[in-house]
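*Asks:* File name start_27.cif; file contents mmCIF, C-alpha atoms; full text below.
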```cif
data_data
#
loop_
_atom_site.label_atom_id
_atom_site.label_comp_id
_atom_site.auth_asym_id
_atom_site.auth_seq_id
_atom_site.Cartn_x
_atom_site.Cartn_y
_atom_site.Cartn_z
CA MET M 1 115.35 131.60 89.14
CA ASN M 2 116.39 131.51 85.47
CA GLU M 3 114.54 129.55 82.77
CA ILE M 4 116.78 126.45 82.87
CA GLU M 5 116.62 126.24 86.67
CA ASN M 6 112.84 126.67 86.53
CA GLN M 7 112.56 123.82 84.00
CA ILE M 8 114.71 121.56 86.18
CA ALA M 9 112.59 122.38 89.26
CA ILE M 10 109.38 121.47 87.40
CA MET M 11 110.97 118.37 85.83
CA LEU M 12 112.17 116.99 89.19
CA LYS M 13 109.01 117.83 91.17
CA GLY M 14 107.95 114.61 92.86
CA ALA M 15 110.57 112.47 91.08
CA ALA M 16 111.93 109.46 92.98
CA GLN M 17 115.15 109.10 90.94
CA HIS M 18 116.70 110.92 88.02
CA THR M 19 119.86 111.47 85.99
CA GLU M 20 122.48 113.72 87.61
CA ILE M 21 121.37 117.37 87.60
CA HIS M 22 124.50 118.58 85.77
CA GLU M 23 123.66 116.20 82.88
CA ILE M 24 120.05 117.44 82.80
CA LYS M 25 121.32 121.03 82.70
CA GLU M 26 123.71 120.27 79.84
CA LYS M 27 120.95 118.60 77.81
CA LEU M 28 118.56 121.54 78.33
CA LEU M 29 121.24 124.11 77.45
CA LYS M 30 122.20 122.19 74.30
CA ALA M 31 118.56 121.89 73.17
CA SER M 32 118.05 125.60 73.86
CA LYS M 33 121.08 126.52 71.70
CA GLU M 34 119.83 124.25 68.92
CA LYS M 35 116.37 125.85 69.28
CA ARG M 36 114.64 122.47 69.49
CA PRO M 37 112.40 120.77 72.06
CA LEU M 38 113.50 117.77 74.06
CA ARG M 39 111.93 114.50 72.82
CA ILE M 40 110.22 112.89 75.84
CA LYS M 41 109.73 109.17 75.36
CA LEU M 42 106.99 107.18 77.06
CA GLY M 43 106.37 103.57 76.18
CA LEU M 44 102.89 102.18 76.81
CA ASP M 45 102.29 98.49 77.38
CA PRO M 46 98.86 97.98 75.76
CA SER M 47 97.69 95.26 78.12
CA ALA M 48 95.60 97.21 80.67
CA PRO M 49 93.88 100.21 79.09
CA ASP M 50 92.00 101.73 82.06
CA ILE M 51 93.80 104.77 83.46
CA HIS M 52 93.51 106.07 87.04
CA ILE M 53 95.46 108.95 88.56
CA GLY M 54 98.16 106.52 89.69
CA HIS M 55 98.90 105.86 86.00
CA SER M 56 98.57 109.56 85.22
CA VAL M 57 101.52 110.54 87.45
CA VAL M 58 103.91 110.04 84.52
CA LEU M 59 101.44 111.60 82.05
CA ARG M 60 101.14 114.72 84.23
CA LYS M 61 104.92 115.06 84.22
CA ILE M 62 104.92 114.84 80.43
CA ARG M 63 102.23 117.56 80.25
CA GLN M 64 104.28 119.82 82.51
CA LEU M 65 107.29 119.38 80.19
CA GLN M 66 105.09 119.97 77.13
CA ASP M 67 103.90 123.22 78.68
CA LEU M 68 107.59 124.20 78.84
CA GLY M 69 107.82 123.68 75.07
CA HIS M 70 108.99 120.09 74.81
CA GLU M 71 107.57 117.27 72.69
CA ALA M 72 106.15 113.89 73.75
CA VAL M 73 106.85 110.73 71.78
CA ILE M 74 104.36 108.05 72.80
CA ILE M 75 105.32 104.54 71.75
CA ILE M 76 102.58 101.92 71.66
CA GLY M 77 104.37 98.65 72.28
CA ASP M 78 102.51 96.51 69.78
CA TYR M 79 105.63 94.40 69.12
CA THR M 80 106.76 94.32 72.76
CA GLY M 81 103.11 93.66 73.68
CA MET M 82 103.35 90.35 71.85
CA ILE M 83 105.81 89.33 74.59
CA GLY M 84 104.14 91.13 77.49
CA ASP M 85 106.14 93.13 80.03
CA PRO M 86 107.67 90.57 82.45
CA THR M 87 108.45 93.29 85.04
CA GLY M 88 107.47 92.09 88.51
CA LYS M 89 105.89 88.90 87.15
CA SER M 90 106.54 85.45 88.58
CA LYS M 91 105.56 83.70 85.37
CA THR M 92 105.63 84.23 81.62
CA ARG M 93 103.01 86.77 80.46
CA LYS M 94 100.24 85.77 78.05
CA GLN M 95 101.02 87.14 74.60
CA LEU M 96 98.43 89.56 73.21
CA SER M 97 96.93 89.29 69.74
CA LYS M 98 97.23 92.16 67.25
CA GLU M 99 93.47 92.78 67.63
CA GLU M 100 93.70 93.02 71.44
CA ILE M 101 96.66 95.39 71.18
CA ALA M 102 94.87 97.66 68.66
CA SER M 103 91.70 97.79 70.79
CA ASN M 104 93.63 98.56 74.00
CA ALA M 105 95.75 101.19 72.23
CA ASN M 106 92.63 103.05 71.03
CA THR M 107 91.24 103.05 74.57
CA TYR M 108 94.58 104.35 75.87
CA MET M 109 94.66 107.21 73.38
CA GLU M 110 91.17 108.41 74.32
CA GLN M 111 92.24 108.63 77.95
CA ILE M 112 95.81 109.98 77.77
CA PHE M 113 94.75 113.02 75.75
CA LYS M 114 92.72 114.07 78.79
CA VAL M 115 96.15 114.71 80.34
CA ILE M 116 98.78 115.40 77.68
CA ASP M 117 98.72 117.94 74.84
CA ARG M 118 97.71 116.28 71.57
CA GLN M 119 99.35 119.07 69.53
CA ARG M 120 102.76 118.41 71.08
CA THR M 121 102.59 114.61 70.83
CA GLN M 122 103.88 112.12 68.28
CA ILE M 123 102.50 108.58 68.37
CA HIS M 124 104.42 105.59 67.06
CA TYR M 125 103.94 101.81 67.15
CA ASN M 126 107.26 100.06 67.72
CA SER M 127 106.41 97.60 64.95
CA GLU M 128 107.42 100.50 62.64
CA TRP M 129 111.09 99.63 63.25
CA LEU M 130 111.14 96.31 65.08
CA SER M 131 109.22 94.50 62.31
CA LYS M 132 111.85 95.61 59.78
CA MET M 133 114.80 94.14 61.67
CA ASN M 134 116.35 91.05 60.09
CA PHE M 135 117.91 88.23 62.07
CA GLY M 136 121.34 89.84 61.83
CA ASP M 137 119.94 93.04 63.38
CA VAL M 138 118.41 90.99 66.20
CA ILE M 139 121.71 89.23 66.90
CA GLU M 140 123.49 92.60 66.95
CA LEU M 141 120.95 93.94 69.47
CA ALA M 142 121.17 90.79 71.63
CA ALA M 143 124.96 91.15 71.74
CA LYS M 144 124.60 94.51 73.55
CA CYS M 145 123.67 92.83 76.85
CA THR M 146 125.00 89.84 78.79
CA VAL M 147 122.89 87.13 80.45
CA ALA M 148 124.46 88.11 83.79
CA ARG M 149 123.17 91.67 83.31
CA MET M 150 119.69 90.37 82.51
CA LEU M 151 119.69 88.22 85.64
CA GLU M 152 120.32 91.33 87.74
CA ARG M 153 116.61 91.99 87.31
CA ASP M 154 114.88 90.75 90.45
CA ASP M 155 111.99 89.07 88.64
CA PHE M 156 114.27 87.20 86.21
CA HIS M 157 116.70 86.27 88.99
CA ASN M 158 113.96 84.97 91.30
CA ARG M 159 112.41 82.83 88.60
CA TYR M 160 115.83 81.46 87.61
CA VAL M 161 116.94 80.46 91.13
CA ASN M 162 113.50 79.03 91.95
CA HIS M 163 113.50 76.91 88.77
CA LEU M 164 110.39 78.64 87.41
CA PRO M 165 109.92 78.94 83.63
CA LEU M 166 111.95 81.79 82.13
CA SER M 167 111.79 81.91 78.35
CA VAL M 168 114.59 83.35 76.20
CA HIS M 169 112.11 85.60 74.35
CA GLU M 170 111.41 87.46 77.63
CA PHE M 171 115.00 88.74 77.63
CA PHE M 172 114.11 90.60 74.46
CA TYR M 173 111.47 92.78 76.18
CA PRO M 174 113.95 95.20 77.84
CA LEU M 175 116.18 95.08 74.74
CA MET M 176 113.29 95.96 72.42
CA GLN M 177 112.08 98.73 74.73
CA ALA M 178 115.64 100.06 74.87
CA TYR M 179 115.96 99.99 71.08
CA ASP M 180 112.79 102.14 70.89
CA SER M 181 114.91 104.94 72.41
CA VAL M 182 117.42 104.54 69.56
CA ALA M 183 114.66 104.53 66.93
CA VAL M 184 113.06 107.79 68.11
CA LYS M 185 116.30 109.47 69.29
CA ALA M 186 114.84 110.04 72.75
CA ASP M 187 116.29 112.86 74.88
CA ILE M 188 114.54 111.76 78.06
CA GLU M 189 112.51 108.72 79.09
CA LEU M 190 109.93 108.69 81.86
CA GLY M 191 108.54 105.78 83.80
CA GLY M 192 107.62 104.44 87.20
CA THR M 193 110.29 103.18 89.58
CA ASP M 194 109.28 99.64 88.58
CA GLN M 195 110.69 100.39 85.10
CA THR M 196 114.19 101.33 86.29
CA PHE M 197 115.99 98.38 84.66
CA ASN M 198 114.24 98.77 81.29
CA ILE M 199 114.77 102.55 81.06
CA LEU M 200 118.43 102.45 82.13
CA MET M 201 118.92 99.78 79.46
CA GLY M 202 117.77 102.43 76.95
CA ARG M 203 120.65 104.72 78.00
CA ASN M 204 123.17 101.92 77.52
CA ILE M 205 121.81 100.82 74.14
CA GLN M 206 121.74 104.39 72.81
CA ARG M 207 125.40 104.76 73.75
CA ASP M 208 126.21 101.46 71.98
CA TYR M 209 124.51 102.74 68.82
CA GLY M 210 126.45 106.00 68.89
CA GLN M 211 123.72 108.26 70.29
CA GLU M 212 123.85 110.64 73.23
CA PRO M 213 122.22 108.74 76.12
CA GLN M 214 118.75 109.82 77.21
CA LEU M 215 118.01 111.46 80.55
CA THR M 216 115.97 109.28 82.89
CA LEU M 217 113.18 110.34 85.20
CA PHE M 218 111.50 107.85 87.52
CA MET M 219 108.24 108.73 89.22
CA PRO M 220 107.25 106.98 92.46
CA LEU M 221 104.31 104.62 92.66
CA LEU M 222 101.26 106.36 94.13
CA GLU M 223 99.44 104.96 97.15
CA GLY M 224 95.68 104.72 96.77
CA ILE M 225 93.09 106.51 98.86
CA ASP M 226 93.59 103.95 101.66
CA GLY M 227 97.10 105.38 102.06
CA VAL M 228 98.64 101.91 102.25
CA GLU M 229 98.60 99.91 99.02
CA LYS M 230 99.66 101.04 95.54
CA MET M 231 96.67 102.54 93.71
CA SER M 232 94.84 99.72 91.97
CA LYS M 233 91.41 99.07 90.51
CA SER M 234 91.44 95.53 91.87
CA LEU M 235 91.94 96.88 95.42
CA GLY M 236 89.22 99.52 94.99
CA ASN M 237 91.50 102.30 96.27
CA TYR M 238 91.76 104.14 92.95
CA ILE M 239 90.59 107.48 91.54
CA GLY M 240 89.64 107.06 87.87
CA ILE M 241 90.33 110.01 85.57
CA SER M 242 87.01 109.37 83.79
CA GLU M 243 84.92 109.27 86.98
CA GLU M 244 82.33 111.94 87.70
CA PRO M 245 83.68 115.16 89.31
CA GLU M 246 81.74 114.54 92.53
CA VAL M 247 83.35 111.09 92.83
CA ILE M 248 86.89 112.36 92.15
CA TYR M 249 86.49 115.19 94.68
CA GLU M 250 85.05 112.90 97.37
CA LYS M 251 87.77 110.27 96.87
CA VAL M 252 90.57 112.84 97.14
CA MET M 253 89.05 114.00 100.43
CA LYS M 254 89.44 110.43 101.74
CA ILE M 255 93.24 110.30 101.42
CA PRO M 256 95.23 110.41 104.70
CA ASP M 257 96.60 113.83 105.66
CA SER M 258 100.11 112.39 105.38
CA LEU M 259 99.68 112.04 101.59
CA ILE M 260 98.45 115.59 100.86
CA ILE M 261 101.85 116.92 99.72
CA LYS M 262 102.70 113.74 97.78
CA TYR M 263 99.41 114.02 95.85
CA TYR M 264 100.13 117.72 95.20
CA ASN M 265 103.55 116.78 93.80
CA LEU M 266 102.45 113.82 91.69
CA CYS M 267 98.85 114.53 90.69
CA THR M 268 98.68 118.30 90.07
CA ASP M 269 100.44 120.93 87.97
CA VAL M 270 100.91 123.27 90.93
CA HIS M 271 104.41 124.82 90.86
CA PRO M 272 106.90 123.31 93.36
CA ASP M 273 107.38 126.72 95.03
CA GLU M 274 103.63 126.91 95.79
CA ILE M 275 103.66 123.34 97.15
CA LYS M 276 106.47 124.29 99.55
CA LYS M 277 104.27 127.13 100.87
CA LEU M 278 101.40 124.68 101.44
CA GLN M 279 103.76 122.30 103.22
CA ARG M 280 104.87 125.12 105.53
CA LYS M 281 101.22 125.93 106.30
CA LEU M 282 100.61 122.32 107.32
CA GLU M 283 103.75 122.30 109.46
CA GLU M 284 102.61 125.55 111.12
CA GLY M 285 99.26 124.05 112.11
CA SER M 286 96.81 124.92 109.30
CA ASN M 287 93.77 122.65 109.15
CA PRO M 288 94.69 119.76 106.77
CA ARG M 289 91.04 119.52 105.68
CA ASP M 290 91.18 123.01 104.14
CA ILE M 291 94.35 122.24 102.18
CA LYS M 292 92.92 118.86 101.16
CA MET M 293 89.81 120.63 99.79
CA MET M 294 92.11 122.83 97.69
CA LEU M 295 93.86 119.65 96.49
CA ALA M 296 90.53 117.98 95.62
CA GLY M 297 89.61 121.08 93.63
CA GLU M 298 92.96 121.08 91.77
CA ILE M 299 92.69 117.41 90.76
CA THR M 300 89.00 117.60 89.81
CA ARG M 301 89.64 120.72 87.70
CA LEU M 302 92.30 118.91 85.65
CA TYR M 303 89.75 116.38 84.38
CA HIS M 304 86.42 118.25 84.53
CA GLY M 305 87.21 121.96 84.28
CA GLN M 306 85.92 124.77 86.48
CA GLU M 307 82.21 124.00 86.04
CA GLY M 308 82.59 120.35 87.08
CA THR M 309 84.73 121.35 90.04
CA GLU M 310 82.19 123.87 91.31
CA ARG M 311 79.48 121.21 91.04
CA ALA M 312 81.64 118.74 93.00
CA GLU M 313 82.41 121.33 95.70
CA LYS M 314 78.72 122.11 96.11
CA TYR M 315 77.86 118.41 96.29
CA PHE M 316 80.55 117.77 98.91
CA GLU M 317 79.41 120.72 101.00
CA THR M 318 75.76 119.60 100.83
CA VAL M 319 76.28 115.91 101.54
CA PHE M 320 79.33 115.79 103.81
CA GLN M 321 79.43 119.12 105.61
CA LYS M 322 75.72 119.89 105.96
CA SER M 323 74.48 116.26 105.78
CA GLN M 324 71.70 117.30 103.41
CA VAL M 325 70.19 115.30 100.56
CA PRO M 326 71.65 116.56 97.25
CA GLU M 327 69.52 117.59 94.29
CA ASN M 328 68.88 115.22 91.37
CA VAL M 329 69.47 111.96 93.22
CA PRO M 330 68.82 108.74 91.23
CA THR M 331 65.23 107.45 91.35
CA ILE M 332 64.34 103.81 91.98
CA ILE M 333 60.81 102.86 90.86
CA VAL M 334 59.09 99.98 92.66
CA ASP M 335 56.00 98.22 91.22
CA PRO M 336 53.53 97.09 93.93
CA ALA M 337 51.98 94.61 91.47
CA PHE M 338 55.29 92.80 91.00
CA GLN M 339 55.72 89.47 92.79
CA ALA M 340 59.07 90.21 94.43
CA ALA M 341 59.01 91.84 97.85
CA TYR M 342 59.28 95.64 97.99
CA SER M 343 62.75 95.54 99.56
CA GLU M 344 64.00 92.95 97.03
CA GLN M 345 62.82 95.13 94.15
CA VAL M 346 64.83 98.06 95.55
CA LEU M 347 67.96 95.91 95.75
CA GLN M 348 67.38 94.45 92.27
CA GLU M 349 67.04 97.93 90.73
CA LEU M 350 70.17 99.25 92.47
CA VAL M 351 72.15 96.36 90.96
CA LYS M 352 70.40 96.53 87.58
CA GLN M 353 71.16 100.26 87.24
CA GLY M 354 74.83 99.61 88.00
CA PHE M 355 75.13 101.33 91.39
CA TYR M 356 76.29 98.11 93.07
CA LYS M 357 77.77 94.85 91.84
CA SER M 358 75.46 92.57 93.83
CA LYS M 359 72.58 92.53 96.30
CA ASN M 360 74.93 91.02 98.91
CA GLU M 361 77.14 94.13 98.64
CA ILE M 362 74.10 96.28 99.54
CA ARG M 363 73.04 93.94 102.37
CA ARG M 364 76.53 94.31 103.89
CA ILE M 365 76.06 98.08 104.06
CA PHE M 366 72.86 97.52 106.08
CA LYS M 367 74.56 95.03 108.43
CA GLN M 368 77.45 97.46 109.00
CA GLY M 369 75.05 100.23 110.06
CA GLY M 370 75.53 102.39 106.97
CA ALA M 371 71.92 102.40 105.69
CA TYR M 372 69.22 104.97 106.46
CA TYR M 373 65.62 105.00 105.19
CA ASP M 374 63.93 108.38 105.62
CA GLY M 375 66.56 109.19 108.25
CA GLU M 376 66.07 106.01 110.28
CA LYS M 377 68.97 103.55 110.53
CA LEU M 378 68.10 100.07 109.22
CA LEU M 379 70.27 97.02 109.89
CA ASP M 380 68.37 94.71 107.51
CA SER M 381 67.35 95.51 103.93
CA LYS M 382 64.08 93.62 104.52
CA ASP M 383 62.99 96.50 106.79
CA ILE M 384 62.59 98.84 103.79
CA MET M 385 58.82 99.39 103.94
CA PRO M 386 56.55 100.56 101.11
CA GLY M 387 54.65 103.82 101.34
CA GLU M 388 53.03 106.54 99.25
CA GLY M 389 55.10 109.40 97.87
CA GLU M 390 58.89 109.58 97.81
CA HIS M 391 61.33 108.04 100.28
CA ILE M 392 65.07 108.63 100.65
CA LEU M 393 67.45 105.70 101.01
CA LYS M 394 71.00 106.61 102.04
CA LEU M 395 73.71 103.96 101.64
CA GLY M 396 77.13 104.71 103.07
CA LYS M 397 78.31 108.30 103.52
CA SER M 398 77.30 109.77 100.21
CA SER M 399 74.98 107.59 98.12
CA PHE M 400 71.37 108.75 98.09
CA PHE M 401 68.41 107.23 96.22
CA LYS M 402 64.81 108.36 95.84
CA ILE M 403 62.40 105.39 96.20
CA CYS M 404 58.99 105.76 94.53
CA LEU M 405 56.04 103.40 94.09
#
```
Any chance you could put this one into structure tokens?
*Replies:*
Amino acid sequence: MNEIENQIAIMLKGAAQHTEIHEIKEKLLKASKEKRPLRIKLGLDPSAPDIHIGHSVVLRKIRQLQDLGHEAVIIIGDYTGMIGDPTGKSKTRKQLSKEEIASNANTYMEQIFKVIDRQRTQIHYNSEWLSKMNFGDVIELAAKCTVARMLERDDFHNRYVNHLPLSVHEFFYPLMQAYDSVAVKADIELGGTDQTFNILMGRNIQRDYGQEPQLTLFMPLLEGIDGVEKMSKSLGNYIGISEEPEVIYEKVMKIPDSLIIKYYNLCTDVHPDEIKKLQRKLEEGSNPRDIKMMLAGEITRLYHGQEGTERAEKYFETVFQKSQVPENVPTIIVDPAFQAAYSEQVLQELVKQGFYKSKNEIRRIFKQGGAYYDGEKLLDSKDIMPGEGEHILKLGKSSFFKICL
């Protein structure tokens, strides 16, 4: 495999849709002759700054391309953020203030540099060029797209035919995002499949402004650890890139076997040739658990390094494979002189220390048969009894707490 073919293989690993391969090859060959990196554009909507590995699918692809020598151009959509991305929305988005956008953008930056290479990244705010456009420039941009073309977008079309509010300013979101590609002279733009309309608009607008159209690369949406719904914090099926290594490792081990290869393709930097070998092993009857443990190690290592991964592997082996109590479990101190009942104090401390959102959440674990106190199953939290020395409370499969008077 020559260098260009290798780059194409890595670029297309896991991709759902992309520009024709012959066009990708031409762009890579031209950049190689000109001895310059491709400029990889990624626009960030600064409305939801918490990143999980579902969001990082596109970031991982950028990192893989950076490792091949290319350059990322991250665009913080402070001007587009004032509209709010209407993609998939059934109503007009709330417009963000400049202060909200700046705060969210800072949070974004802290997280994305856990994935992409800071040294090979340019960061721009699209106010740098959009704020300088006069009304004539805006009219010229608006003339590049018809209303009929805009109404091809499902969300716009559905709101229009159902007589739901659809403001004219929302039409400018895809136009502004497309103009970003002109402003930075993007060679390739990445995004999720939900961004297909916006990113293809960038190709068209570049052509209208006399530029060579960008390549497009669309990454699929990643199912969460339940294997059903798209990964989402609100659904609780996410793996956060800032979570502890033990948590990341354990959550990866919960994914269905059917998603092992998809997670390898979208969430790791493992070469596509190696992933094909792993897929053959699964097809030939290898134990999926063993390959999933390798996957959990790969993903944990990306965010916590070798030391964190070894710690997570040891924790998983101790808790899940040997059913032993791990070292250094959190301690809950109970005061016998306090008025609240012993069991209530335990629940209060678990909530106070942030392990659970509410006491009712803990009580549900007891009712569902997932609570053990010194190895004995308890179905009611009130049955937690005081005693001298240390006691071990296990909630669910992997949460252990040391209870002390």
*Asks:* Pick the closest to M:Ala371 from M:Lys132, M:Lys13, M:Lys397, M:Lys314: which is it, counting all atoms listed in the file?
*Replies:* M:Lys397
*Asks:* My list of candidates is M:Leu175, M:Leu200, M:Val138, M:Leu217. Which is closest to M:Val57 when distances are computed with all atoms listed in the file?
*Replies:* M:Leu217
*Asks:* Can you work out which one of M:Glu274, M:Glu110, M:Glu34, M:Asp45 has the shortest atom-to-atom distance to M:Ala9, counting all atoms listed in the file?
*Replies:*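 Of all the options, M:Glu274 lies closest to M:Ala9.
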*Asks:* Restricting the calculation to all atoms listed in the file, which member of M:Glu313, M:Glu128, M:Glu170, M:Asp180 is positioned closest to M:Ile248?
*Replies:* M:Glu313
*Asks:* Calculated over only C-alpha atoms, which of the candidates M:Val168, M:Met11, M:Val247, M:Met201 has the smallest distance to M:Lys144?
*Replies:* M:Met201
*Asks:* Expand the PyMOL selection byres ((chain M and resi 251) around 9) into the explicit residue set it covers here, and present it as a VMD selection string.
*Replies:* chain M and resid 225 237 to 239 246 to 250 252 to 255 296
*Asks:* Can you pull out every residue within 10 Å of M:Glu20, counting all atoms listed in the file, but drop anything in the same chain fewer than 4 positions away, and send it as a CSV table (one decimal) with C-alpha atoms, keeping the file's coordinate frame?
*Replies:*
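Result written to out.csv:
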```
chain,number,residue,atom,x,y,z
M,24,ILE,CA,120.0,117.4,82.8
M,25,LYS,CA,121.3,121.0,82.7
M,215,LEU,CA,118.0,111.5,80.6
M,216,THR,CA,116.0,109.3,82.9
```
*Asks:* Got a sec to resolve the PyMOL selection byres ((chain M and resi 355) around 12) on this structure and send the residues as a PyMOL selection string?
*Replies:* chain M and resi 330-332+346-354+356-359+361-362+395+399-401
*Asks:* Selection in question (the file shown): the PyMOL selection byres ((chain M and resi 392) around 10). Which residues does it include, as a PyMOL selection string?
*Replies:* chain M and resi 325+329+331-332+372-375+390-391+393-395+400-404
*Asks:* What is the distance, in Å and to one decimal place, between atom CA of M:Val334 and atom CA of M:Gln368?
*Replies:* 24.7 Å
*Asks:* The residues within 10 Å of (121.9, 106.3, 74.9), using only C-alpha atoms and the coordinates of the file, should be reported as a VMD selection string; which are they?
*Replies:* chain M and resid 178 to 179 181 to 182 185 to 188 200 to 215
*Asks:* Pick out the closest residue to M:Leu141 from this set: M:Met231, M:Val161, M:Ala16, M:Met176. Count all atoms listed in the file.
*Replies:* M:Met176
*Asks:* Atom CA of M:Cys267 and atom CA of M:Gln66, how far apart in Å?
*Replies:* 15.9 Å
*Asks:* Between atom CA of M:Glu23 and atom CA of M:Ile76, what is the spacing in Å?
*Replies:*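 Computing it gives 27.8 Å between the two atoms.
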*Asks:* Please define a box with edges along x, y and z of the file around all atoms of stretch 136-150 of chain M given in the file, extend it by 3 Å on each side, and return its centre and edge lengths in Å to one decimal, as lines of an AutoDock Vina configuration file.
*Replies:*
```
center_x = 121.7
center_y = 90.8
center_z = 72.8
size_x = 12.6
size_y = 13.4
size_z = 28.0
```
*Asks:* When you look at M:His55 with a cut-off of 10 Å (counting all atoms listed in the file), what residues show up, excluding the ones that are within fewer than 5 positions of it in the same chain? I need them as a PyMOL selection string.
*Replies:* chain M and resi 50+60+112+191-192+221-222+231-232+240-241+267
*Asks:* Please produce stretch 230-243 of chain M, completed to N, CA and C atoms, as a short mmCIF file (atom, residue, chain, number, x, y, z; two decimals), keeping the file's coordinate frame.
*Replies:*
```
data_model
loop_
_atom_site.label_atom_id
_atom_site.label_comp_id
_atom_site.auth_asym_id
_atom_site.auth_seq_id
_atom_site.Cartn_x
_atom_site.Cartn_y
_atom_site.Cartn_z
N LYS M 230 99.55 100.35 96.83
CA LYS M 230 99.66 101.04 95.54
C LYS M 230 98.27 101.16 94.91
N MET M 231 97.99 102.32 94.30
CA MET M 231 96.67 102.54 93.71
C MET M 231 96.36 101.46 92.68
N SER M 232 95.19 100.85 92.83
CA SER M 232 94.84 99.72 91.97
C SER M 232 93.33 99.57 91.88
N LYS M 233 92.84 99.30 90.67
CA LYS M 233 91.41 99.07 90.51
C LYS M 233 90.97 97.82 91.27
N SER M 234 91.81 96.79 91.23
CA SER M 234 91.44 95.53 91.87
C SER M 234 91.30 95.69 93.39
N LEU M 235 92.02 96.64 93.98
CA LEU M 235 91.94 96.88 95.42
C LEU M 235 90.86 97.90 95.78
N GLY M 236 90.29 98.56 94.75
CA GLY M 236 89.22 99.52 94.99
C GLY M 236 89.68 100.82 95.63
N ASN M 237 90.99 101.08 95.62
CA ASN M 237 91.50 102.30 96.27
C ASN M 237 91.95 103.34 95.24
N TYR M 238 91.33 103.30 94.08
CA TYR M 238 91.76 104.14 92.95
C TYR M 238 90.86 105.36 92.76
N ILE M 239 91.38 106.34 92.00
CA ILE M 239 90.59 107.48 91.54
C ILE M 239 90.70 107.47 90.01
N GLY M 240 89.63 107.14 89.33
CA GLY M 240 89.64 107.06 87.87
C GLY M 240 89.57 108.45 87.24
N ILE M 241 90.35 108.67 86.17
CA ILE M 241 90.33 110.01 85.57
C ILE M 241 89.04 110.27 84.79
N SER M 242 88.27 109.20 84.52
CA SER M 242 87.01 109.37 83.79
C SER M 242 85.80 109.36 84.73
N GLU M 243 86.04 109.28 86.03
CA GLU M 243 84.92 109.27 86.98
C GLU M 243 84.28 110.66 87.06
#
```
